[in-house]
>>> print(open('query-v6.cif').read())   # mmCIF, C-alpha atoms
data_upload
#
loop_
_atom_site.label_atom_id
_atom_site.label_comp_id
_atom_site.auth_asym_id
_atom_site.auth_seq_id
_atom_site.Cartn_x
_atom_site.Cartn_y
_atom_site.Cartn_z
CA MET A 142 0.00 0.00 0.00
CA THR A 143 1.43 3.33 -1.06
CA SER A 144 1.29 6.56 0.91
CA ASP A 145 -1.33 7.72 -1.58
CA CYS A 146 -3.43 4.71 -0.60
CA ASN A 147 -3.52 5.80 3.03
CA GLU A 148 -4.79 9.20 2.00
CA TYR A 149 -7.45 7.83 -0.36
CA ARG A 150 -8.45 4.96 1.89
CA ASN A 151 -9.65 7.42 4.50
CA LEU A 152 -12.09 8.77 1.91
CA LEU A 153 -13.49 5.41 0.84
CA PRO A 154 -16.25 5.18 3.49
CA GLU A 155 -17.49 8.65 2.46
CA LEU A 156 -17.29 7.63 -1.20
CA ALA A 157 -19.32 4.50 -0.49
CA GLU A 158 -21.99 6.67 1.16
CA GLY A 159 -21.95 9.31 -1.60
CA GLN A 160 -20.74 12.05 0.70
CA LEU A 161 -17.73 13.30 -1.28
CA SER A 162 -17.70 16.45 -3.35
CA VAL A 163 -17.47 16.14 -7.15
CA LEU A 164 -13.78 17.04 -7.17
CA GLN A 165 -12.95 14.62 -4.34
CA LYS A 166 -14.88 11.84 -6.05
CA GLN A 167 -13.02 12.39 -9.30
CA SER A 168 -9.69 12.27 -7.49
CA VAL A 169 -10.56 9.05 -5.65
CA ASP A 170 -11.94 7.44 -8.82
CA GLN A 171 -8.67 8.16 -10.62
CA HIS A 172 -6.76 6.44 -7.80
CA LEU A 173 -9.12 3.45 -7.84
CA ASN A 174 -8.57 3.02 -11.56
CA HIS A 175 -5.02 1.83 -10.87
CA CYS A 176 -5.21 0.53 -7.27
CA ASP A 177 -6.70 -2.94 -6.89
CA GLU A 178 -6.30 -2.96 -3.12
CA CYS A 179 -8.34 0.18 -2.58
CA SER A 180 -10.90 -1.00 -5.11
CA GLU A 181 -11.28 -4.23 -3.16
CA THR A 182 -11.66 -2.26 0.07
CA LEU A 183 -14.40 -0.14 -1.51
CA ASN A 184 -16.11 -3.30 -2.71
CA GLN A 185 -16.05 -4.67 0.83
CA LEU A 186 -17.51 -1.47 2.19
CA TRP A 187 -20.39 -1.79 -0.26
CA GLN A 188 -20.86 -5.41 0.68
CA MET A 189 -20.94 -4.46 4.36
CA GLN A 190 -23.61 -1.82 3.64
CA ALA A 191 -25.66 -4.36 1.70
CA ALA A 192 -25.29 -7.02 4.41
CA ALA A 193 -26.31 -4.56 7.12
CA SER A 194 -29.36 -3.52 5.12
CA ARG A 195 -30.59 -7.13 5.15
CA TRP A 196 -30.75 -7.20 8.93
CA GLU A 197 -34.32 -7.63 10.18
CA ASP A 198 -34.90 -6.15 13.62
CA GLN A 199 -35.96 -8.83 16.08
CA PRO A 200 -38.82 -8.15 18.50
CA VAL A 201 -37.89 -7.64 22.13
CA PRO A 202 -38.85 -10.64 24.27
CA HIS A 203 -41.38 -9.96 26.99
CA TRP A 204 -39.98 -8.42 30.16
CA ASN A 205 -41.45 -6.62 33.15
CA ARG A 206 -40.24 -3.08 32.66
CA ARG A 207 -41.93 -1.67 35.75
CA ARG A 208 -40.39 -4.25 38.04
CA ALA A 209 -36.95 -3.70 36.53
CA PHE A 210 -36.92 0.01 37.32
CA PHE A 211 -39.26 0.72 40.18
CA ALA A 212 -39.34 -0.78 43.66
CA GLU A 213 -42.64 -1.98 45.05
CA THR A 214 -44.82 0.90 46.11
CA SER A 215 -44.27 1.94 49.68
CA TRP A 216 -47.86 1.30 50.71
CA LEU A 217 -47.49 -2.34 49.69
CA ALA A 218 -44.21 -2.68 51.57
CA ASN A 219 -45.78 -1.04 54.61
CA LEU A 220 -48.75 -3.37 54.37
CA GLN A 221 -46.45 -6.33 54.63
CA TRP A 222 -44.84 -4.82 57.72
CA VAL A 223 -48.25 -4.17 59.24
CA SER A 224 -49.38 -7.75 58.71
CA SER A 225 -46.13 -9.06 60.22
CA ILE A 226 -46.50 -6.80 63.25
CA ALA A 227 -50.15 -7.82 63.65
CA SER A 228 -49.20 -11.50 63.60
CA VAL A 229 -46.55 -10.95 66.29
CA LEU A 230 -49.04 -8.99 68.41
CA VAL A 231 -51.64 -11.75 68.28
CA LEU A 232 -48.98 -14.28 69.20
CA VAL A 233 -47.95 -12.20 72.22
CA LEU A 234 -51.59 -11.84 73.32
CA VAL A 235 -52.15 -15.58 73.11
CA ILE A 236 -48.96 -16.46 74.94
CA THR A 237 -49.59 -13.98 77.76
CA GLN A 238 -53.32 -14.93 77.88
CA ALA A 239 -54.21 -11.26 77.78
CA THR A 240 -57.72 -9.89 78.14
CA VAL A 241 -59.03 -6.94 76.14
CA SER A 242 -62.18 -5.13 77.35
CA THR A 243 -64.23 -2.28 75.86
CA ALA A 244 -66.29 0.44 77.55
CA ASP A 245 -69.48 -1.35 76.41
CA GLY A 246 -68.59 -4.38 78.50
CA LEU A 247 -67.30 -6.51 75.61
CA SER A 248 -64.37 -8.57 76.79
CA ILE A 249 -62.01 -10.72 74.71
CA ARG A 250 -59.67 -13.21 76.34
CA PHE A 251 -56.72 -14.70 74.47
CA GLY A 252 -55.11 -18.04 75.02
CA GLU A 253 -57.46 -19.72 77.46
CA THR A 254 -60.47 -21.88 77.14
CA SER A 255 -63.58 -19.84 76.96
CA SER A 256 -66.10 -20.23 79.80
CA VAL A 257 -68.75 -18.37 77.92
CA THR A 258 -71.86 -20.41 77.19
CA GLU A 259 -74.22 -19.95 74.32
CA GLU A 260 -76.87 -18.59 76.66
CA THR A 261 -74.55 -15.98 78.09
CA LEU A 262 -73.43 -15.02 74.61
CA THR A 263 -77.05 -14.66 73.46
CA GLN A 264 -77.83 -12.53 76.48
CA VAL A 265 -74.85 -10.26 75.84
CA LEU A 266 -75.73 -9.96 72.18
CA THR A 267 -79.35 -9.10 73.04
CA GLU A 268 -78.23 -6.39 75.44
CA LEU A 269 -75.91 -5.00 72.81
CA GLU A 270 -78.74 -4.99 70.29
CA LEU A 271 -81.02 -3.10 72.67
CA ARG A 272 -78.35 -0.52 73.42
CA GLN A 273 -77.68 -0.11 69.76
CA ALA A 274 -81.41 0.39 69.03
CA GLU A 275 -81.61 3.01 71.79
CA LYS A 276 -78.66 4.87 70.38
CA ILE A 277 -80.12 4.80 66.88
CA ASN A 278 -83.49 6.12 68.11
CA GLN A 279 -81.78 8.87 70.06
CA ARG A 280 -79.76 9.77 67.02
CA VAL A 281 -82.84 9.88 64.79
CA SER A 282 -84.66 12.02 67.33
CA ASN A 283 -81.77 14.46 67.46
CA LEU A 284 -81.65 14.64 63.70
CA SER A 285 -85.40 15.29 63.52
CA SER A 286 -85.15 18.12 66.04
CA GLN A 287 -82.30 19.62 64.14
CA GLN A 288 -84.29 19.36 60.93
CA VAL A 289 -87.32 21.04 62.50
CA ALA A 290 -85.22 23.88 63.87
CA SER A 291 -83.57 24.48 60.55
CA ASN A 292 -86.94 24.40 58.76
CA GLN A 293 -88.29 27.01 61.16
CA LEU A 294 -85.30 29.18 60.64
CA LEU A 295 -85.69 28.86 56.89
CA LEU A 296 -89.35 29.82 57.12
CA ARG A 297 -88.60 32.88 59.22
CA THR A 298 -85.95 33.97 56.80
CA ILE A 299 -88.26 33.58 53.81
CA THR A 300 -91.04 35.49 55.55
CA GLU A 301 -88.71 38.34 56.42
CA MET A 302 -87.45 38.47 52.86
CA ASN A 303 -91.04 38.63 51.60
CA ARG A 304 -91.87 41.46 53.98
CA GLU A 305 -88.87 43.39 52.83
CA GLU A 306 -89.87 42.96 49.23
CA ARG A 307 -93.43 44.16 49.96
CA ARG A 308 -92.09 47.25 51.74
CA GLU A 309 -89.96 48.09 48.78
CA GLU A 310 -92.85 47.66 46.35
CA LEU A 311 -95.14 49.83 48.46
CA SER A 312 -92.52 52.53 48.68
CA THR A 313 -92.18 52.48 44.90
CA LEU A 314 -95.96 52.77 44.45
CA ILE A 315 -96.21 55.72 46.83
CA THR A 316 -93.40 57.51 45.05
CA ALA A 317 -95.11 56.97 41.70
CA TRP A 318 -98.46 58.21 43.08
CA ASP A 319 -96.84 61.36 44.52
CA TYR A 320 -95.18 62.05 41.20
CA ALA A 321 -98.49 61.58 39.37
CA GLN A 322 -100.20 63.96 41.77
CA VAL A 323 -97.59 66.62 41.18
CA GLN A 324 -97.95 66.19 37.42
CA ARG A 325 -101.75 66.52 37.65
CA ALA A 326 -101.48 69.65 39.81
CA GLN A 327 -99.13 71.23 37.32
CA GLN A 328 -101.44 70.39 34.43
CA THR A 329 -104.44 71.85 36.30
CA LYS A 330 -102.51 75.03 36.99
CA GLN A 331 -101.59 75.32 33.35
CA SER A 332 -105.19 74.75 32.30
CA ILE A 333 -106.44 77.43 34.68
CA SER A 334 -103.85 79.89 33.38
CA LEU A 335 -104.92 79.22 29.83
CA LEU A 336 -108.56 79.65 30.75
CA LEU A 337 -107.91 82.97 32.44
CA ALA A 338 -105.90 84.15 29.48
CA SER A 339 -108.71 83.22 27.07
CA GLN A 340 -111.29 84.93 29.30
CA LEU A 341 -109.30 88.13 29.18
CA GLU A 342 -109.11 87.88 25.43
CA ASP A 343 -112.84 87.30 25.24
CA LYS A 344 -113.46 90.34 27.42
CA ARG A 345 -111.29 92.49 25.17
CA ASN A 346 -113.11 91.24 22.13
CA ILE A 347 -116.49 91.96 23.73
CA ASN A 348 -115.40 95.49 24.66
CA GLN A 349 -114.22 96.08 21.13
CA ILE A 350 -117.45 94.81 19.68
CA ASN A 351 -119.41 97.10 22.00
CA ARG A 352 -117.38 100.08 20.86
CA LEU A 353 -117.95 99.24 17.28
CA LEU A 354 -121.70 98.86 17.90
CA ARG A 355 -121.87 102.23 19.63
CA GLN A 356 -119.99 103.82 16.78
CA ALA A 357 -122.37 102.27 14.31
CA ALA A 358 -125.39 103.47 16.31
CA VAL A 359 -124.05 107.02 16.47
CA GLU A 360 -123.37 107.08 12.74
CA GLY A 361 -126.88 105.74 12.08
CA ASN A 362 -128.46 108.49 14.15
CA ASN A 363 -126.44 111.15 12.31
CA LEU A 364 -127.75 109.91 8.98
CA MET B 26 -50.10 10.79 25.31
CA PHE B 27 -46.21 10.34 25.33
CA SER B 28 -45.85 9.13 21.75
CA ARG B 29 -45.38 12.61 20.32
CA LYS B 30 -43.11 14.03 23.02
CA THR B 31 -39.44 14.54 22.25
CA ASP B 32 -36.74 12.59 24.02
CA GLU B 33 -35.78 15.68 26.01
CA GLN B 34 -39.37 16.20 27.16
CA LEU B 35 -39.65 12.58 28.28
CA ILE B 36 -36.31 12.77 30.06
CA LYS B 37 -37.35 15.92 31.91
CA SER B 38 -40.63 14.31 32.97
CA ALA B 39 -38.81 11.16 34.05
CA ILE B 40 -36.32 13.17 36.11
CA ASP B 41 -39.30 14.94 37.73
CA GLY B 42 -40.59 11.54 38.79
CA SER B 43 -42.92 10.43 36.01
CA GLU B 44 -42.70 6.66 35.74
CA ARG B 45 -44.88 6.66 32.64
CA ALA B 46 -42.55 9.07 30.85
CA TRP B 47 -39.55 6.86 31.60
CA LEU B 48 -41.33 3.70 30.46
CA ALA B 49 -42.37 5.50 27.25
CA LEU B 50 -38.72 6.34 26.61
CA VAL B 51 -37.73 2.72 27.28
CA LYS B 52 -40.30 1.42 24.82
CA ARG B 53 -39.09 3.91 22.25
CA TYR B 54 -35.51 2.62 22.31
CA GLU B 55 -35.54 -0.92 23.71
CA LYS B 56 -35.88 -2.61 20.31
CA ARG B 57 -32.99 -0.67 18.90
CA VAL B 58 -30.79 -1.43 21.92
CA TYR B 59 -31.90 -5.08 22.00
CA ASN B 60 -30.94 -5.60 18.36
CA TYR B 61 -27.64 -3.81 18.96
CA SER B 62 -27.01 -6.22 21.84
CA LEU B 63 -28.07 -9.17 19.71
CA ARG B 64 -25.55 -8.31 17.02
CA MET B 65 -22.85 -7.74 19.62
CA SER B 66 -23.48 -10.88 21.65
CA GLY B 67 -24.87 -13.30 19.09
CA ASN B 68 -27.63 -14.73 21.31
CA SER B 69 -30.93 -13.49 22.68
CA ASP B 70 -30.27 -14.28 26.36
CA ASP B 71 -27.12 -12.19 26.49
CA ALA B 72 -28.84 -9.55 24.35
CA MET B 73 -31.65 -9.22 26.92
CA ASP B 74 -29.14 -8.99 29.78
CA ILE B 75 -27.16 -6.28 27.99
CA MET B 76 -30.28 -4.37 26.97
CA GLN B 77 -31.66 -4.35 30.51
CA ASP B 78 -28.26 -3.34 31.92
CA VAL B 79 -28.12 -0.48 29.42
CA MET B 80 -31.62 0.76 30.29
CA ILE B 81 -31.01 0.54 34.02
CA SER B 82 -27.73 2.44 33.63
CA VAL B 83 -29.44 5.10 31.55
CA TYR B 84 -32.19 5.39 34.17
CA ARG B 85 -29.73 5.78 37.02
CA ASN B 86 -27.74 8.39 35.12
CA LEU B 87 -30.63 10.40 33.70
CA GLY B 88 -29.78 13.27 35.98
CA ASN B 89 -26.32 13.45 34.37
CA TYR B 90 -27.68 13.89 30.86
CA ARG B 91 -27.06 17.54 30.08
CA GLY B 92 -28.42 17.61 26.55
CA ASP B 93 -25.10 18.66 25.05
CA SER B 94 -25.27 15.61 22.76
CA VAL B 95 -28.19 13.90 21.09
CA PHE B 96 -29.83 11.42 23.47
CA VAL B 97 -29.24 8.49 21.12
CA ALA B 98 -25.51 9.18 21.03
CA TRP B 99 -25.45 9.30 24.83
CA LEU B 100 -27.52 6.12 25.01
CA PHE B 101 -25.16 4.18 22.80
CA ARG B 102 -22.14 5.51 24.63
CA ILE B 103 -23.57 3.83 27.71
CA ALA B 104 -24.44 0.75 25.65
CA SER B 105 -20.83 0.43 24.51
CA PHE B 106 -19.58 0.51 28.10
CA ARG B 107 -22.22 -1.96 29.28
CA CYS B 108 -21.31 -4.26 26.41
CA ILE B 109 -17.63 -4.20 27.38
CA ASP B 110 -18.59 -4.88 31.00
CA HIS B 111 -20.74 -7.79 29.93
CA PHE B 112 -17.94 -9.47 28.01
CA ARG B 113 -15.45 -8.66 30.75
CA LYS B 114 -17.60 -10.56 33.21
CA LYS B 115 -17.73 -13.50 30.82
CA ARG B 116 -14.01 -13.47 30.09
CA PHE B 117 -12.50 -11.28 32.79
CA HIS B 118 -8.98 -12.59 32.38
CA GLN B 119 -8.64 -11.44 28.77
CA SER B 120 -7.73 -7.94 27.56
CA ILE B 121 -10.36 -5.93 25.75
CA GLU B 122 -8.52 -6.29 22.43
CA ASP B 123 -8.64 -10.07 22.64
CA LEU B 124 -12.30 -10.48 23.60
CA GLU B 125 -14.15 -12.76 21.23
CA LEU B 126 -17.37 -14.64 21.34
CA MET B 127 -17.65 -18.03 22.99
CA ASP B 128 -18.98 -19.86 20.00
CA GLU B 129 -15.76 -20.97 18.32
CA SER B 130 -17.66 -23.02 15.75
CA ALA B 131 -18.99 -19.83 14.17
CA LYS B 132 -15.45 -19.08 12.92
CA TYR B 133 -15.59 -22.10 10.72
CA GLU B 134 -19.17 -21.83 9.56
CA PRO B 135 -19.07 -22.62 5.83
CA ASP B 136 -20.51 -20.16 3.34
CA ILE B 137 -20.77 -17.32 5.83
CA ASN B 138 -18.95 -14.39 4.36
CA LEU B 139 -19.73 -10.77 3.66
CA ALA B 140 -20.97 -11.30 0.13
CA LYS B 141 -23.32 -14.09 1.16
CA VAL B 142 -25.11 -12.56 4.15
CA GLN B 143 -28.83 -12.98 3.56
CA SER B 144 -30.45 -12.89 6.96
CA HIS B 145 -30.01 -11.51 10.45
CA SER B 146 -28.65 -14.82 11.70
CA ASP B 147 -25.98 -14.75 8.97
CA MET B 148 -25.07 -11.25 10.09
CA SER B 149 -24.88 -12.34 13.73
CA LYS B 150 -22.51 -15.15 12.80
CA LEU B 151 -20.40 -12.78 10.75
CA MET B 152 -20.17 -10.27 13.58
CA SER B 153 -19.21 -13.02 15.98
CA VAL B 154 -15.96 -13.50 14.07
CA LEU B 155 -14.78 -9.98 14.90
CA PRO B 156 -13.10 -8.85 18.10
CA LEU B 157 -15.27 -6.64 20.27
CA GLU B 158 -13.69 -3.29 19.38
CA GLN B 159 -14.02 -3.98 15.63
CA ARG B 160 -17.55 -5.23 16.11
CA GLN B 161 -18.45 -2.02 17.92
CA VAL B 162 -17.23 0.13 15.01
CA VAL B 163 -19.15 -1.97 12.43
CA GLU B 164 -22.27 -1.80 14.60
CA LEU B 165 -22.11 1.93 15.23
CA LYS B 166 -21.29 2.72 11.60
CA TYR B 167 -23.59 0.42 9.66
CA PHE B 168 -26.47 -0.16 12.04
CA GLN B 169 -26.60 3.00 14.12
CA HIS B 170 -25.37 5.25 11.28
CA PHE B 171 -23.06 7.42 13.34
CA THR B 172 -20.24 9.35 11.69
CA PHE B 173 -16.65 8.38 12.44
CA ASP B 174 -16.26 11.49 14.57
CA GLU B 175 -19.28 10.42 16.65
CA ILE B 176 -18.03 6.83 16.86
CA GLY B 177 -14.65 8.08 18.01
CA GLY B 178 -16.34 10.21 20.65
CA GLN B 179 -18.38 7.30 21.95
CA LEU B 180 -15.47 4.86 22.07
CA GLY B 181 -12.96 7.38 23.32
CA VAL B 182 -10.72 7.19 20.24
CA SER B 183 -9.98 9.38 17.24
CA SER B 184 -12.06 9.12 14.07
CA ASN B 185 -8.98 7.78 12.23
CA THR B 186 -8.63 5.03 14.79
CA ALA B 187 -12.28 4.18 14.31
CA LYS B 188 -11.68 3.93 10.55
CA THR B 189 -8.61 1.77 11.12
CA ARG B 190 -10.68 -0.62 13.22
CA LEU B 191 -13.28 -0.78 10.45
CA TYR B 192 -10.64 -1.70 7.88
CA ALA B 193 -9.23 -4.27 10.26
CA ALA B 194 -12.72 -5.75 10.54
CA LEU B 195 -13.08 -5.91 6.77
CA SER B 196 -9.66 -7.51 6.51
CA LYS B 197 -10.60 -10.12 9.08
CA LEU B 198 -13.87 -10.87 7.32
CA LYS B 199 -11.99 -11.21 4.05
CA LYS B 200 -9.60 -13.70 5.63
CA GLN B 201 -12.61 -15.50 7.06
CA SER B 202 -14.23 -15.80 3.66
CA LEU B 203 -10.96 -17.08 2.19
CA ALA B 204 -10.70 -19.58 5.03
CA ASP B 205 -14.13 -20.86 4.13
CA GLU B 206 -13.06 -21.67 0.60
CA PRO B 207 -13.48 -25.40 -0.11
CA ASP B 208 -9.77 -25.94 -0.77
CA THR B 209 -8.68 -24.57 2.66
CA CYS B 210 -7.96 -26.94 5.53
CA HIS B 211 -9.90 -26.51 8.80
CA GLN B 212 -8.70 -27.57 12.16
CA SER B 213 -11.24 -28.89 14.62
#
>>> encode(input="query-v6.cif", output="structure tokens")
Amino acid sequence: MTSDCNEYRNLLPELAEGQLSVLQKQSVDQHLNHCDECSETLNQLWQMQAAASRWEDQPVPHWNRRRAFFAETSWLANLQWVSSIASVLVLVLVITQATVSTADGLSIRFGETSSVTEETLTQVLTELELRQAEKINQRVSNLSSQQVASNQLLLRTITEMNREERREELSTLITAWDYAQVQRAQQTKQSISLLLASQLEDKRNINQINRLLRQAAVEGNNL
Amino acid sequence: MFSRKTDEQLIKSAIDGSERAWLALVKRYEKRVYNYSLRMSGNSDDAMDIMQDVMISVYRNLGNYRGDSVFVAWLFRIASFRCIDHFRKKRFHQSIEDLELMDESAKYEPDINLAKVQSHSDMSKLMSVLPLEQRQVVELKYFQHFTFDEIGGQLGVSSNTAKTRLYAALSKLKKQSLADEPDTCHQS
């Protein structure tokens, strides 16, 4: 391989991809015309391109992407801790034969044979049922009272609003009536003024007519 | 919803904590990385291992992606390192220049040469003949379509060195095709 070959060989990949300028391509082609080694290299580059183009992408096998990247959610991890702790707690209660009682008189004993009979259990359950019924009735009664009170309040509010609206309407009517009265008074005054003016005119006309009649009478007598 | 977002938008959302954005980015590139790994390793099990390693590495280093290069270039830079790590684990006592695939029989596969590659399995067998560093250059040039400057940047070498490795690969494949000629002796 000559020193020229090293220079032209570096351009062969670009030639194979059609990325050389016209002048560069001409120069490389001239070299290839008398260099079998470089021509063979170019041929291999083309073959590599062709071989690569025949590759068919293979589908990705199934995999759990979420599990690969993200840990289990914290609530799930905490849930497992909670269940473990609960199991240990129950075990401790059983071993120590603990007793748990509530304010309602319910009592739970762990780890010993129960002395509770069916009759006793039925009695306790019946008492609990009665207490529950009482509480429900009390609750319903309270709710009813509350509902009544709020209905009364609503009614009072609506009544007051209605009264207010009536007052406003009445005030509007009175204002309109006053205005109408003023208008009528003004019109009457105008009418009276006009009447007086026309009466004066009439009187002037009558006086003039009388003068004319007197004149006519005097002239008639003179004739 | 995430199919039209750019890589940078998905990365930003993933860094902000969006799992869906990250998984969308994985689905966008997993096939490309899987097939890269398949050509580099020659078998689907190793290809899956490499692909998952690459994606996990990318995920862990998302905060380091500064956007000064195209995401794909950064992705395949990581893929190159993960690939080297993978083969190091398989053959940790060999130097990187000497790493080759396990399947020695592929070297003597008859009728597998550059001119006769017809399918992806032929290509896999052909690639398996090459040492890792030559295989990387062929892969990045002819399958990922990077320039020699970009290849050099990803492998940490000059563009001329990348070209030299390509020619070395072609030379090796040529010798391989000559070795497969009917009148050449094979040793078992």
>>> interface_residues(input="query-v6.cif", of="chain B", to="chain A", cutoff="7 Å", atoms="all atoms listed in the file", output="PyMOL selection string")
chain B and resi 56+59-60+81+139-140+142-145+167-168+195
>>> atom_distance(input="query-v6.cif", atom1="CA of Ala187 in chain B", atom2="CA of Val162 in chain B")
6.4 Å
>>> atom_distance(input="query-v6.cif", atom1="CA of Arg102 in chain B", atom2="CA of Val79 in chain B")
9.7 Å
>>> closest_residue(input="query-v6.cif", among="B:Val83, B:Leu157, B:Phe171, B:Lys150", to="Arg113 in chain B", atoms="only C-alpha atoms")
B:Leu157
>>> resolve_selection(input="query-v6.cif", expression="the PyMOL selection byres ((chain B and resi 33) around 10)", output="number ranges by chain")
B: 30-32, 34-39, 50, 90-92, 95-96
>>> residues_around(input="query-v6.cif", residues="Tyr149 in chain A", least_positions_apart="3", cutoff="12 Å", atoms="only C-alpha atoms", output="ChimeraX atom specification")
/A:142-146,152-156,161,165-173,176,178-180,182-183
>>> write_last_selection(input="query-v6.cif", atoms="C-alpha atoms", output="compact mmCIF listing (two decimals), in the frame of the given file")
# COMPACT_ATOMS: atom_id res chain seq x y z
CA MET A 142 0.00 0.00 0.00
CA THR A 143 1.43 3.33 -1.06
CA SER A 144 1.29 6.56 0.91
CA ASP A 145 -1.33 7.72 -1.58
CA CYS A 146 -3.43 4.71 -0.60
CA LEU A 152 -12.09 8.77 1.91
CA LEU A 153 -13.49 5.41 0.84
CA PRO A 154 -16.25 5.18 3.49
CA GLU A 155 -17.49 8.65 2.46
CA LEU A 156 -17.29 7.63 -1.20
CA LEU A 161 -17.73 13.30 -1.28
CA GLN A 165 -12.95 14.62 -4.34
CA LYS A 166 -14.88 11.84 -6.05
CA GLN A 167 -13.02 12.39 -9.30
CA SER A 168 -9.69 12.27 -7.49
CA VAL A 169 -10.56 9.05 -5.65
CA ASP A 170 -11.94 7.44 -8.82
CA GLN A 171 -8.67 8.16 -10.62
CA HIS A 172 -6.76 6.44 -7.80
CA LEU A 173 -9.12 3.45 -7.84
CA CYS A 176 -5.21 0.53 -7.27
CA GLU A 178 -6.30 -2.96 -3.12
CA CYS A 179 -8.34 0.18 -2.58
CA SER A 180 -10.90 -1.00 -5.11
CA THR A 182 -11.66 -2.26 0.07
CA LEU A 183 -14.40 -0.14 -1.51
>>> residues_around(input="query-v6.cif", residues="range 230-239 of chain A", least_positions_apart="6", cutoff="6 Å", atoms="only C-alpha atoms", output="list in words")
Arg250, Phe251 and Gly252 of chain A
>>> atom_distance(input="query-v6.cif", atom1="CA of Leu87 in chain B", atom2="CA of Asp110 in chain B")
19.6 Å
>>> axis_aligned_box(input="query-v6.cif", around="range 100-104 of chain B", padding_each_side="3 Å", output="JSON")
{"center_x": -24.8, "center_y": 3.4, "center_z": 25.3, "size_x": 11.4, "size_y": 11.4, "size_z": 10.9}
>>> residues_around(input="query-v6.cif", residues="Ala72 in chain B", least_positions_apart="2", cutoff="9 Å", atoms="all atoms listed in the file", output="ChimeraX atom specification")
/B:58-70,74-77
